[in-house]
>>> print(open('structure29.cif').read())   # mmCIF, C-alpha atoms and all ligand atoms
data_upload
#
loop_
_atom_site.label_atom_id
_atom_site.label_comp_id
_atom_site.auth_asym_id
_atom_site.auth_seq_id
_atom_site.Cartn_x
_atom_site.Cartn_y
_atom_site.Cartn_z
CA MET A 1 1.50 12.73 -23.92
CA ASP A 2 0.88 10.09 -26.57
CA THR A 3 3.96 8.00 -25.95
CA ASN A 4 3.61 4.84 -27.99
CA VAL A 5 3.96 2.08 -25.46
CA THR A 6 3.25 -0.83 -27.73
CA ASN A 7 6.98 -0.81 -28.43
CA ILE A 8 8.39 -1.49 -24.99
CA ILE A 9 12.03 -2.45 -25.50
CA VAL A 10 12.66 -5.80 -23.82
CA GLU A 11 16.11 -7.03 -22.84
CA LYS A 12 15.87 -10.36 -21.06
CA VAL A 13 18.35 -11.92 -18.64
CA LYS A 14 20.57 -14.69 -20.00
CA ASN A 15 20.09 -16.86 -16.93
CA SER A 16 17.15 -16.59 -14.57
CA ARG A 17 17.85 -16.52 -10.81
CA ILE A 18 14.56 -18.27 -10.07
CA ASN A 19 16.12 -21.64 -9.25
CA GLN A 20 18.20 -20.07 -6.47
CA VAL A 21 15.10 -18.83 -4.64
CA ASP A 22 13.51 -20.71 -1.73
CA PHE A 23 9.81 -20.09 -2.34
CA SER A 24 8.90 -21.70 0.98
CA ASP A 25 10.72 -18.95 2.88
CA LEU A 26 10.14 -15.54 1.31
CA PRO A 27 10.88 -12.56 3.54
CA PHE A 28 8.68 -9.59 2.53
CA GLY A 29 10.15 -7.55 -0.32
CA LYS A 30 13.70 -8.91 -0.14
CA VAL A 31 13.89 -11.20 -3.17
CA HIS A 32 13.51 -9.51 -6.55
CA THR A 33 12.46 -10.97 -9.86
CA ASP A 34 14.80 -11.10 -12.87
CA HIS A 35 13.59 -7.94 -14.58
CA MET A 36 12.44 -4.37 -13.97
CA PHE A 37 10.45 -1.87 -15.97
CA VAL A 38 12.00 1.57 -16.52
CA CYS A 39 10.67 4.69 -18.23
CA ASP A 40 12.51 8.02 -18.23
CA TYR A 41 11.02 11.48 -18.37
CA LYS A 42 13.26 13.93 -20.26
CA ASN A 43 12.72 17.13 -22.25
CA GLY A 44 9.11 17.32 -21.18
CA ALA A 45 8.06 13.81 -22.25
CA TRP A 46 8.08 10.20 -21.12
CA GLU A 47 10.47 8.25 -23.36
CA THR A 48 10.15 4.74 -24.80
CA PRO A 49 9.87 2.33 -21.86
CA LYS A 50 12.18 -0.61 -21.33
CA ILE A 51 12.16 -3.89 -19.48
CA VAL A 52 15.73 -4.77 -18.49
CA PRO A 53 17.51 -7.17 -16.14
CA TYR A 54 17.09 -6.12 -12.47
CA GLN A 55 20.05 -3.86 -11.77
CA GLY A 56 21.32 -0.86 -9.84
CA ILE A 57 20.58 2.70 -10.91
CA THR A 58 23.41 5.21 -11.19
CA LEU A 59 22.55 8.78 -10.23
CA ASP A 60 24.36 12.09 -10.14
CA PRO A 61 24.98 13.23 -6.52
CA ALA A 62 23.00 16.36 -7.36
CA ALA A 63 19.91 14.34 -8.37
CA LYS A 64 16.98 16.10 -6.70
CA ILE A 65 15.65 12.94 -5.10
CA PHE A 66 18.62 13.08 -2.68
CA HIS A 67 18.07 16.69 -1.67
CA TYR A 68 14.40 17.50 -2.00
CA GLY A 69 12.78 14.08 -1.71
CA GLN A 70 10.61 14.10 -4.81
CA SER A 71 9.46 10.50 -4.86
CA VAL A 72 6.13 8.70 -4.92
CA PHE A 73 5.25 5.03 -5.00
CA GLU A 74 2.49 2.45 -5.15
CA GLY A 75 2.07 -1.00 -3.64
CA MET A 76 0.15 -3.72 -5.46
CA LYS A 77 0.04 -7.48 -5.77
CA ALA A 78 -0.34 -10.07 -8.52
CA TYR A 79 -2.03 -13.37 -7.73
CA LYS A 80 -1.99 -16.71 -9.53
CA ASP A 81 -4.93 -19.11 -9.37
CA GLU A 82 -4.86 -22.90 -9.62
CA ALA A 83 -5.17 -22.78 -13.41
CA GLY A 84 -2.08 -20.53 -13.61
CA ASP A 85 -4.02 -17.43 -14.60
CA ILE A 86 -2.69 -14.13 -13.29
CA PHE A 87 -4.76 -11.40 -11.68
CA LEU A 88 -4.35 -7.92 -10.30
CA PHE A 89 -6.73 -6.27 -7.85
CA ARG A 90 -8.19 -2.89 -8.90
CA PRO A 91 -4.94 -1.78 -10.62
CA GLU A 92 -6.54 1.33 -12.14
CA GLU A 93 -7.00 2.68 -8.62
CA ASN A 94 -3.26 2.51 -8.09
CA GLN A 95 -2.62 4.09 -11.48
CA LYS A 96 -4.88 7.04 -10.63
CA ARG A 97 -3.48 7.44 -7.16
CA LEU A 98 0.11 7.50 -8.41
CA ASN A 99 -0.76 10.59 -10.44
CA ILE A 100 -2.63 12.17 -7.51
CA SER A 101 0.49 11.67 -5.38
CA SER A 102 2.79 12.95 -8.14
CA LYS A 103 0.79 16.11 -8.67
CA ARG A 104 1.10 17.09 -5.01
CA ILE A 105 4.89 17.05 -5.18
CA SER A 106 5.26 18.43 -8.71
CA ILE A 107 6.14 15.22 -10.52
CA PRO A 108 4.76 15.14 -14.09
CA GLU A 109 1.72 13.00 -14.80
CA LEU A 110 2.43 9.49 -16.07
CA PRO A 111 0.16 8.37 -18.93
CA LYS A 112 -2.15 5.54 -17.94
CA GLU A 113 -0.96 3.34 -20.84
CA ILE A 114 2.65 3.38 -19.68
CA PHE A 115 1.61 2.25 -16.21
CA MET A 116 -0.87 -0.41 -17.32
CA GLU A 117 1.02 -1.78 -20.33
CA GLY A 118 4.32 -1.69 -18.46
CA LEU A 119 2.81 -3.60 -15.57
CA LYS A 120 1.12 -6.23 -17.74
CA THR A 121 4.16 -6.80 -19.94
CA LEU A 122 6.45 -7.13 -16.92
CA LEU A 123 4.06 -9.60 -15.25
CA GLN A 124 3.88 -11.73 -18.37
CA ILE A 125 7.68 -11.96 -18.40
CA GLU A 126 7.86 -12.68 -14.65
CA LYS A 127 4.85 -15.01 -14.40
CA ASP A 128 6.87 -17.95 -13.08
CA TRP A 129 7.85 -15.79 -10.10
CA ILE A 130 4.29 -15.45 -8.83
CA PRO A 131 4.02 -17.81 -5.85
CA THR A 132 0.95 -19.99 -5.49
CA SER A 133 1.01 -21.09 -1.84
CA VAL A 134 -1.72 -19.72 0.46
CA GLY A 135 -1.34 -16.03 1.28
CA SER A 136 1.59 -15.65 -1.10
CA SER A 137 1.67 -13.29 -4.06
CA LEU A 138 3.99 -11.17 -6.14
CA TYR A 139 4.38 -7.79 -4.48
CA ILE A 140 4.69 -5.01 -7.06
CA ARG A 141 6.34 -1.69 -6.37
CA PRO A 142 5.88 1.02 -9.01
CA PHE A 143 7.68 4.28 -8.12
CA ILE A 144 8.77 7.59 -9.60
CA PHE A 145 11.65 9.75 -8.41
CA ALA A 146 13.50 12.90 -9.46
CA SER A 147 16.64 11.88 -11.33
CA GLY A 148 17.21 15.37 -12.73
CA THR A 149 20.01 17.35 -11.15
CA GLY A 150 20.59 20.72 -9.53
CA LEU A 151 20.94 21.99 -6.00
CA HIS A 152 18.38 24.69 -6.60
CA ALA A 153 15.25 23.98 -4.56
CA SER A 154 12.82 23.53 -7.43
CA PRO A 155 11.21 20.55 -9.17
CA ALA A 156 13.55 18.40 -11.27
CA ASN A 157 13.27 18.32 -15.04
CA GLU A 158 14.00 14.59 -15.29
CA TYR A 159 12.31 11.63 -13.59
CA LYS A 160 12.41 7.86 -13.62
CA PHE A 161 9.39 5.59 -13.37
CA VAL A 162 10.39 2.08 -12.31
CA ILE A 163 8.47 -1.10 -11.48
CA VAL A 164 10.13 -3.85 -9.48
CA CYS A 165 8.54 -7.07 -8.19
CA ALA A 166 9.20 -9.27 -5.19
CA PRO A 167 7.65 -12.70 -4.61
CA SER A 168 6.32 -12.60 -1.06
CA GLY A 169 4.84 -14.86 1.55
CA PRO A 170 2.13 -13.69 4.01
CA TYR A 171 3.01 -10.20 5.35
CA PHE A 172 2.38 -10.07 9.09
CA SER A 173 2.12 -13.01 11.36
CA GLY A 174 0.16 -12.52 14.53
CA LYS A 175 -1.92 -9.65 15.79
CA LEU A 176 -0.65 -6.12 16.24
CA LYS A 177 -0.27 -4.20 19.47
CA VAL A 178 -0.62 -0.53 18.66
CA LEU A 179 0.12 2.69 20.54
CA ILE A 180 -2.15 5.72 20.18
CA GLU A 181 0.20 8.60 19.37
CA GLU A 182 -0.49 12.00 20.85
CA LYS A 183 2.74 13.87 20.24
CA TYR A 184 3.99 13.17 16.73
CA SER A 185 1.87 13.51 13.60
CA ARG A 186 2.07 11.69 10.30
CA ALA A 187 0.25 14.34 8.33
CA ALA A 188 -1.30 17.77 8.64
CA ASN A 189 -4.06 19.75 6.96
CA GLY A 190 -2.85 21.11 3.65
CA GLY A 191 0.09 18.72 3.73
CA VAL A 192 1.03 15.61 1.77
CA GLY A 193 -0.56 12.91 3.94
CA TYR A 194 -2.95 11.81 1.20
CA ALA A 195 -0.04 11.25 -1.21
CA LYS A 196 2.00 8.05 -1.25
CA ALA A 197 5.18 10.10 -1.01
CA GLY A 198 8.37 8.47 0.23
CA GLY A 199 8.98 11.25 2.75
CA ASN A 200 5.76 10.47 4.60
CA TYR A 201 7.30 7.16 5.59
CA ALA A 202 10.62 8.68 6.69
CA GLY A 203 8.68 10.82 9.15
CA GLN A 204 6.93 7.78 10.61
CA PHE A 205 10.02 5.74 11.42
CA TYR A 206 11.17 7.61 14.54
CA PRO A 207 7.81 7.72 16.39
CA THR A 208 7.25 4.08 15.40
CA GLN A 209 10.66 3.16 16.81
CA LEU A 210 9.73 4.84 20.11
CA ALA A 211 6.51 2.78 20.18
CA ILE A 212 8.48 -0.41 19.47
CA GLU A 213 10.74 0.37 22.45
CA GLN A 214 7.59 0.43 24.59
CA GLY A 215 6.55 -3.01 23.37
CA TYR A 216 4.20 -2.01 20.55
CA GLN A 217 4.51 -2.74 16.84
CA GLN A 218 2.71 0.20 15.30
CA VAL A 219 1.53 3.69 16.03
CA VAL A 220 -2.08 4.77 15.64
CA TRP A 221 -1.93 8.28 14.24
CA THR A 222 -4.30 10.88 15.59
CA ASP A 223 -5.20 14.23 14.01
CA ASP A 224 -2.36 16.75 14.15
CA ASN A 225 -4.54 19.55 15.50
CA THR A 226 -6.15 18.06 18.62
CA HIS A 227 -4.91 14.43 18.79
CA GLU A 228 -8.49 13.58 19.76
CA TYR A 229 -9.39 11.52 16.69
CA ILE A 230 -7.77 8.34 15.42
CA GLU A 231 -6.81 8.44 11.75
CA GLU A 232 -4.54 5.61 10.53
CA ALA A 233 -2.68 2.59 11.91
CA GLY A 234 0.94 2.92 10.75
CA ALA A 235 0.72 2.84 6.97
CA MET A 236 -2.72 1.26 6.98
CA ASN A 237 -6.22 2.65 7.19
CA ILE A 238 -7.95 1.81 10.46
CA PHE A 239 -11.30 0.19 11.27
CA VAL A 240 -12.93 -0.04 14.70
CA ARG A 241 -15.89 -2.24 15.61
CA ILE A 242 -18.07 -1.01 18.46
CA ASN A 243 -20.85 -3.47 19.23
CA ASP A 244 -21.88 -4.53 15.71
CA THR A 245 -21.04 -1.32 13.88
CA LEU A 246 -17.84 -0.91 11.90
CA LEU A 247 -16.32 2.58 11.91
CA THR A 248 -13.64 4.13 9.73
CA SER A 249 -12.45 7.71 9.37
CA PRO A 250 -13.32 9.65 6.22
CA VAL A 251 -10.35 10.28 3.91
CA SER A 252 -8.94 13.79 3.96
CA ASP A 253 -5.72 15.73 3.33
CA ARG A 254 -4.26 13.67 6.15
CA ILE A 255 -5.64 10.22 5.44
CA LEU A 256 -4.59 8.10 2.50
CA ASP A 257 -7.39 6.85 0.27
CA GLY A 258 -6.55 3.15 0.49
CA VAL A 259 -7.80 0.66 -2.09
CA THR A 260 -8.18 -1.94 0.67
CA ARG A 261 -10.17 0.53 2.82
CA LYS A 262 -12.59 1.19 -0.04
CA SER A 263 -12.94 -2.55 -0.65
CA VAL A 264 -13.57 -3.29 3.04
CA ILE A 265 -16.34 -0.68 3.08
CA ASP A 266 -18.03 -2.22 0.02
CA ILE A 267 -17.70 -5.78 1.33
CA ALA A 268 -19.09 -4.76 4.72
CA LYS A 269 -22.11 -3.23 2.98
CA ALA A 270 -22.59 -6.36 0.87
CA GLU A 271 -22.37 -8.51 4.01
CA GLY A 272 -25.05 -6.44 5.70
CA ILE A 273 -22.59 -5.12 8.30
CA ALA A 274 -23.51 -1.68 9.64
CA ILE A 275 -20.73 0.73 8.66
CA GLU A 276 -20.23 4.37 9.52
CA ILE A 277 -17.67 6.58 7.83
CA ARG A 278 -17.06 9.30 10.38
CA LYS A 279 -14.46 10.75 12.68
CA ILE A 280 -13.62 8.40 15.57
CA ARG A 281 -12.74 9.93 18.93
CA VAL A 282 -9.91 8.36 20.92
CA GLU A 283 -12.12 8.80 23.98
CA GLU A 284 -14.90 6.82 22.33
CA VAL A 285 -12.56 3.89 21.68
CA VAL A 286 -11.13 3.98 25.21
CA ASN A 287 -14.61 4.12 26.75
CA ALA A 288 -15.84 1.33 24.49
CA SER A 289 -12.93 -0.80 25.63
CA LYS A 290 -13.75 -0.07 29.28
CA ASN A 291 -17.43 -0.93 28.91
CA GLY A 292 -16.87 -3.99 26.76
CA SER A 293 -18.47 -2.66 23.55
CA LEU A 294 -15.14 -2.47 21.69
CA LYS A 295 -15.11 -5.74 19.74
CA GLU A 296 -12.42 -5.36 17.08
CA MET A 297 -9.83 -3.05 15.59
CA PHE A 298 -7.87 -3.73 12.43
CA GLY A 299 -5.65 -2.09 9.86
CA ALA A 300 -6.37 -2.35 6.13
CA GLY A 301 -3.72 -2.17 3.40
CA THR A 302 -2.47 -4.05 0.35
CA ALA A 303 0.44 -5.84 2.05
CA ALA A 304 -1.53 -7.66 4.76
CA VAL A 305 -5.09 -6.96 3.50
CA ILE A 306 -6.39 -6.95 7.09
CA SER A 307 -4.14 -6.77 10.17
CA PRO A 308 -6.10 -7.53 13.33
CA ILE A 309 -5.13 -5.51 16.39
CA SER A 310 -4.90 -7.35 19.71
CA GLY A 311 -4.80 -4.31 21.95
CA PHE A 312 -3.77 -0.67 22.21
CA GLY A 313 -1.82 1.57 24.51
CA HIS A 314 -3.04 5.02 25.51
CA ARG A 315 -1.51 7.38 28.11
CA GLY A 316 0.36 4.62 29.86
CA GLU A 317 -2.61 2.23 30.04
CA HIS A 318 -2.96 -0.91 27.96
CA TYR A 319 -6.32 -2.06 26.66
CA GLU A 320 -6.79 -5.63 25.42
CA LEU A 321 -9.35 -6.51 22.79
CA PRO A 322 -11.49 -9.65 23.09
CA GLU A 323 -10.80 -12.73 20.97
CA LEU A 324 -13.94 -13.20 18.90
CA GLU A 325 -14.65 -16.49 17.17
CA ASP A 326 -16.93 -14.92 14.62
CA ASN A 327 -15.26 -11.64 13.75
CA PHE A 328 -15.62 -9.10 10.97
CA ALA A 329 -11.87 -9.05 10.20
CA ASP A 330 -11.67 -12.71 9.14
CA ARG A 331 -14.98 -12.60 7.33
CA ILE A 332 -14.06 -9.53 5.28
CA LYS A 333 -10.52 -10.70 4.63
CA LYS A 334 -11.77 -14.01 3.26
CA ARG A 335 -14.20 -12.28 0.91
CA ILE A 336 -11.45 -9.99 -0.41
CA THR A 337 -8.78 -12.67 -0.79
CA ASP A 338 -11.24 -15.08 -2.45
CA ILE A 339 -11.80 -12.41 -5.09
CA GLN A 340 -8.07 -11.70 -5.40
CA TYR A 341 -7.13 -15.37 -5.87
CA ASN A 342 -10.08 -16.09 -8.21
CA LYS A 343 -11.74 -18.42 -5.74
CA ALA A 344 -15.11 -16.63 -5.71
CA GLU A 345 -17.41 -14.58 -7.88
CA ASP A 346 -16.44 -10.94 -8.20
CA PRO A 347 -19.69 -8.95 -8.26
CA PHE A 348 -17.72 -5.72 -7.86
CA GLY A 349 -15.56 -6.11 -10.99
CA TRP A 350 -12.35 -5.69 -8.97
CA ARG A 351 -10.39 -8.62 -10.36
CA TYR A 352 -8.27 -7.79 -13.40
CA GLN A 353 -6.96 -10.67 -15.46
CA VAL A 354 -3.47 -10.16 -16.87
CA VAL A 355 -3.09 -13.22 -19.07
C1 LIG B 1 -0.56 2.65 1.15
C2 LIG B 1 -1.18 3.20 2.38
C3 LIG B 1 -2.41 2.72 2.87
C4 LIG B 1 -3.14 1.54 2.28
O1 LIG B 1 -3.50 1.73 0.95
P1 LIG B 1 -3.88 0.45 0.05
O2 LIG B 1 -4.24 1.07 -1.24
O3 LIG B 1 -5.01 -0.20 0.70
O4 LIG B 1 -2.66 -0.41 0.01
C5 LIG B 1 -2.96 3.34 3.99
N1 LIG B 1 -2.33 4.36 4.60
C6 LIG B 1 -1.15 4.84 4.17
C7 LIG B 1 -0.53 5.96 4.89
C8 LIG B 1 -0.54 4.28 3.05
O5 LIG B 1 0.63 4.74 2.65
#
>>> encode(input="structure29.cif", output="structure tokens", more="lines below")
Ligand SMILES: *Cc1c(COP(=O)(O)O)cnc(C)c1O
Amino acid sequence: MDTNVTNIIVEKVKNSRINQVDFSDLPFGKVHTDHMFVCDYKNGAWETPKIVPYQGITLDPAAKIFHYGQSVFEGMKAYKDEAGDIFLFRPEENQKRLNISSKRISIPELPKEIFMEGLKTLLQIEKDWIPTSVGSSLYIRPFIFASGTGLHASPANEYKFVIVCAPSGPYFSGKLKVLIEEKYSRAANGGVGYAKAGGNYAGQFYPTQLAIEQGYQQVVWTDDNTHEYIEEAGAMNIFVRINDTLLTSPVSDRILDGVTRKSVIDIAKAEGIAIEIRKIRVEEVVNASKNGSLKEMFGAGTAAVISPISGFGHRGEHYELPELEDNFADRIKKRITDIQYNKAEDPFGWRYQVV
């Protein structure tokens, strides 16, 4: 596994598309930068990586990604400060997690250097694409999929690792109304819920669509066994504030180990906020809402950092959350984004300067 990545082959575009892009109106993940990073796995090894103009990928109809869904991904962001310096946020966590996800669905391990050097080199080439307006960043999508062919249900022998980037404005606008789900499950014990596998998302779309038809935006997943405990909010980790204590579920086979979740926990501790990492009963949240001790709920994930929840549905009832002037969500979000955008000290060592 000692692929020499110092020699990434770079083929640049002749004409950049950057002048055609309206940076004041960036829909999430729709506009792509000029280039992409590609590294192929063949004959048991990762080959020399390349950075090439953003382009389509041609695959054989028997490529295993189409039939058996071997694909994993990551979601990250690059930020630019006022001086024009570029930063990532805890990128090694994403690098490690990509391999954890890959292992679960029999994708070969990707050497750390290919991920990190590929990412840094691509960002240096695309640095003009990193937006600077408030809440904007360059969304980065590293992913691996089975390009090897064969209709036999077994792992592929060829894979592609690709990184694409999309300049993006703020992710969600407004608070989320969520529906506590008691029929469908996102993940099960012994399953792939902890992996960032593409198929996990496919399975979420239908129940989420049903929730949308009832006037909600997201589903709150409960445990597959009893549906008595809340686990995640859509594709975000979930936090609940009862009185002045912040609660979040422990990670497990079924709950993704989010980088934002980990950061929220550490910030809360640093802020002197009481935090408990334990299972959270649906009943506890419903009762807290009824007796007025439920103060806040929010999702945590890279795209939006913190997504405040305005209310939740449960068994045909709707529960509204109070509007708090001085809330944990805003306080924690500001601390995290100030670190991301190099506006504050970073006592945790999370900020990672690219150039
Ligand atoms: C990606 C993801 C998260 C959030 O992880 P971050 O590392 O914070 O972006 C949470 N839950 C699920 C299911 C996810 O796929």
>>> residues_around(input="structure29.cif", residues="Thr302 of chain A", least_positions_apart="4", cutoff="12 Å", atoms="all atoms listed in the file", output="VMD selection string")
chain A and resid 74 to 78 88 to 91 94 137 to 141 170 to 172 235 to 237 257 to 264 306 to 307 333 336 to 337 340
>>> closest_residue(input="structure29.cif", among="A:Ile255, A:Ile242, A:Ala274, A:Ala63", to="ligand LIG 1 (chain B)", atoms="only C-alpha atoms and all ligand atoms")
A:Ile255
>>> atom_distance(input="structure29.cif", atom1="atom CA of Phe115 of chain A", atom2="atom CA of Val72 of chain A")
13.8 Å
>>> closest_residue(input="structure29.cif", among="A:Ile18, A:Leu98, A:Leu119, A:Leu151", to="ligand LIG 1 (chain B)", atoms="all atoms listed in the file")
A:Leu98
>>> closest_residue(input="structure29.cif", among="A:Pro250, A:Gly29, A:Gly135, A:Pro111", to="Lys334 of chain A", atoms="only C-alpha atoms")
A:Gly135
>>> atom_distance(input="structure29.cif", atom1="atom CA of Ser249 of chain A", atom2="atom CA of Ile277 of chain A")
5.6 Å
>>> atom_distance(input="structure29.cif", atom1="atom CA of Gln214 of chain A", atom2="atom CA of Leu246 of chain A")
28.5 Å
>>> axis_aligned_box(input="structure29.cif", around="ligand LIG 1 (chain B)", padding_each_side="5 Å", output="lines of an AutoDock Vina configuration file")
center_x = -2.2
center_y = 2.8
center_z = 1.8
size_x = 15.6
size_y = 16.4
size_z = 16.1
>>> closest_residue(input="structure29.cif", among="A:Lys96, A:Lys112, A:Lys295, A:Arg335", to="ligand LIG 1 (chain B)", atoms="all atoms listed in the file")
A:Lys96
>>> residues_around(input="structure29.cif", residues="Ile105 of chain A", least_positions_apart="6", cutoff="10 Å", atoms="only C-alpha atoms", output="list in words")
Gly69, Gln70, Ser71, Val72, Pro155, Val192, Ala195 and Ala197 of chain A
>>> residues_around(input="structure29.cif", residues="Phe37 of chain A", least_positions_apart="2", cutoff="8 Å", atoms="only C-alpha atoms", output="list in words")
His35, Cys39, Pro49, Lys50, Ile51, Val52, Gly118, Leu119, Leu122, Phe161, Val162, Ile163 and Val164 of chain A
>>> residues_near_point(input="structure29.cif", point="(7.1, -2.9, -25.7)", cutoff="8 Å", atoms="all atoms listed in the file", output="list in words")
Val5, Thr6, Asn7, Ile8, Ile9, Val10, Pro49, Lys50, Gly118 and Thr121 of chain A
>>> build_atoms(input="structure29.cif", residues="segment 105-123 of chain A", atoms="N, CA, C and O atoms", output="PDB file, in the frame of the given file")
ATOM      1  N   ILE A 105       3.483  16.680  -5.376  1.00  0.00           N
ATOM      2  CA  ILE A 105       4.890  17.050  -5.180  1.00  0.00           C
ATOM      3  C   ILE A 105       5.577  17.371  -6.507  1.00  0.00           C
ATOM      4  O   ILE A 105       6.789  17.206  -6.661  1.00  0.00           O
ATOM      5  N   SER A 106       4.753  17.881  -7.441  1.00  0.00           N
ATOM      6  CA  SER A 106       5.260  18.430  -8.710  1.00  0.00           C
ATOM      7  C   SER A 106       6.048  17.449  -9.557  1.00  0.00           C
ATOM      8  O   SER A 106       7.061  17.814 -10.163  1.00  0.00           O
ATOM      9  N   ILE A 107       5.578  16.201  -9.597  1.00  0.00           N
ATOM     10  CA  ILE A 107       6.140  15.220 -10.520  1.00  0.00           C
ATOM     11  C   ILE A 107       5.180  15.161 -11.703  1.00  0.00           C
ATOM     12  O   ILE A 107       3.960  15.159 -11.499  1.00  0.00           O
ATOM     13  N   PRO A 108       5.690  15.138 -12.950  1.00  0.00           N
ATOM     14  CA  PRO A 108       4.760  15.140 -14.090  1.00  0.00           C
ATOM     15  C   PRO A 108       3.886  13.899 -14.140  1.00  0.00           C
ATOM     16  O   PRO A 108       4.289  12.813 -13.720  1.00  0.00           O
ATOM     17  N   GLU A 109       2.690  14.090 -14.676  1.00  0.00           N
ATOM     18  CA  GLU A 109       1.720  13.000 -14.800  1.00  0.00           C
ATOM     19  C   GLU A 109       2.267  11.886 -15.682  1.00  0.00           C
ATOM     20  O   GLU A 109       2.911  12.144 -16.692  1.00  0.00           O
ATOM     21  N   LEU A 110       2.004  10.651 -15.290  1.00  0.00           N
ATOM     22  CA  LEU A 110       2.430   9.490 -16.070  1.00  0.00           C
ATOM     23  C   LEU A 110       1.215   8.974 -16.848  1.00  0.00           C
ATOM     24  O   LEU A 110       0.182   8.686 -16.244  1.00  0.00           O
ATOM     25  N   PRO A 111       1.328   8.851 -18.185  1.00  0.00           N
ATOM     26  CA  PRO A 111       0.160   8.370 -18.930  1.00  0.00           C
ATOM     27  C   PRO A 111      -0.269   6.983 -18.455  1.00  0.00           C
ATOM     28  O   PRO A 111       0.555   6.121 -18.153  1.00  0.00           O
ATOM     29  N   LYS A 112      -1.584   6.797 -18.412  1.00  0.00           N
ATOM     30  CA  LYS A 112      -2.150   5.540 -17.940  1.00  0.00           C
ATOM     31  C   LYS A 112      -1.593   4.329 -18.701  1.00  0.00           C
ATOM     32  O   LYS A 112      -1.314   3.288 -18.110  1.00  0.00           O
ATOM     33  N   GLU A 113      -1.412   4.485 -20.022  1.00  0.00           N
ATOM     34  CA  GLU A 113      -0.960   3.340 -20.840  1.00  0.00           C
ATOM     35  C   GLU A 113       0.428   2.869 -20.420  1.00  0.00           C
ATOM     36  O   GLU A 113       0.721   1.677 -20.464  1.00  0.00           O
ATOM     37  N   ILE A 114       1.291   3.801 -20.062  1.00  0.00           N
ATOM     38  CA  ILE A 114       2.650   3.380 -19.680  1.00  0.00           C
ATOM     39  C   ILE A 114       2.567   2.538 -18.408  1.00  0.00           C
ATOM     40  O   ILE A 114       3.193   1.487 -18.296  1.00  0.00           O
ATOM     41  N   PHE A 115       1.757   2.993 -17.462  1.00  0.00           N
ATOM     42  CA  PHE A 115       1.610   2.250 -16.210  1.00  0.00           C
ATOM     43  C   PHE A 115       0.992   0.876 -16.469  1.00  0.00           C
ATOM     44  O   PHE A 115       1.548  -0.154 -16.072  1.00  0.00           O
ATOM     45  N   MET A 116      -0.136   0.849 -17.154  1.00  0.00           N
ATOM     46  CA  MET A 116      -0.870  -0.410 -17.320  1.00  0.00           C
ATOM     47  C   MET A 116      -0.143  -1.381 -18.251  1.00  0.00           C
ATOM     48  O   MET A 116      -0.027  -2.575 -17.946  1.00  0.00           O
ATOM     49  N   GLU A 117       0.335  -0.883 -19.382  1.00  0.00           N
ATOM     50  CA  GLU A 117       1.020  -1.780 -20.330  1.00  0.00           C
ATOM     51  C   GLU A 117       2.360  -2.241 -19.765  1.00  0.00           C
ATOM     52  O   GLU A 117       2.761  -3.389 -19.944  1.00  0.00           O
ATOM     53  N   GLY A 118       3.037  -1.338 -19.076  1.00  0.00           N
ATOM     54  CA  GLY A 118       4.320  -1.690 -18.460  1.00  0.00           C
ATOM     55  C   GLY A 118       4.125  -2.810 -17.442  1.00  0.00           C
ATOM     56  O   GLY A 118       4.841  -3.815 -17.418  1.00  0.00           O
ATOM     57  N   LEU A 119       3.109  -2.629 -16.611  1.00  0.00           N
ATOM     58  CA  LEU A 119       2.810  -3.600 -15.570  1.00  0.00           C
ATOM     59  C   LEU A 119       2.457  -4.965 -16.169  1.00  0.00           C
ATOM     60  O   LEU A 119       2.982  -6.003 -15.768  1.00  0.00           O
ATOM     61  N   LYS A 120       1.578  -4.958 -17.156  1.00  0.00           N
ATOM     62  CA  LYS A 120       1.120  -6.230 -17.740  1.00  0.00           C
ATOM     63  C   LYS A 120       2.260  -6.946 -18.465  1.00  0.00           C
ATOM     64  O   LYS A 120       2.411  -8.167 -18.339  1.00  0.00           O
ATOM     65  N   THR A 121       3.053  -6.187 -19.196  1.00  0.00           N
ATOM     66  CA  THR A 121       4.160  -6.800 -19.940  1.00  0.00           C
ATOM     67  C   THR A 121       5.184  -7.390 -18.966  1.00  0.00           C
ATOM     68  O   THR A 121       5.664  -8.512 -19.141  1.00  0.00           O
ATOM     69  N   LEU A 122       5.493  -6.633 -17.919  1.00  0.00           N
ATOM     70  CA  LEU A 122       6.450  -7.130 -16.920  1.00  0.00           C
ATOM     71  C   LEU A 122       5.920  -8.397 -16.258  1.00  0.00           C
ATOM     72  O   LEU A 122       6.657  -9.377 -16.087  1.00  0.00           O
ATOM     73  N   LEU A 123       4.633  -8.413 -15.914  1.00  0.00           N
ATOM     74  CA  LEU A 123       4.060  -9.600 -15.250  1.00  0.00           C
ATOM     75  C   LEU A 123       4.060 -10.821 -16.162  1.00  0.00           C
ATOM     76  O   LEU A 123       4.258 -11.947 -15.693  1.00  0.00           O
TER      77      LEU A 123
END
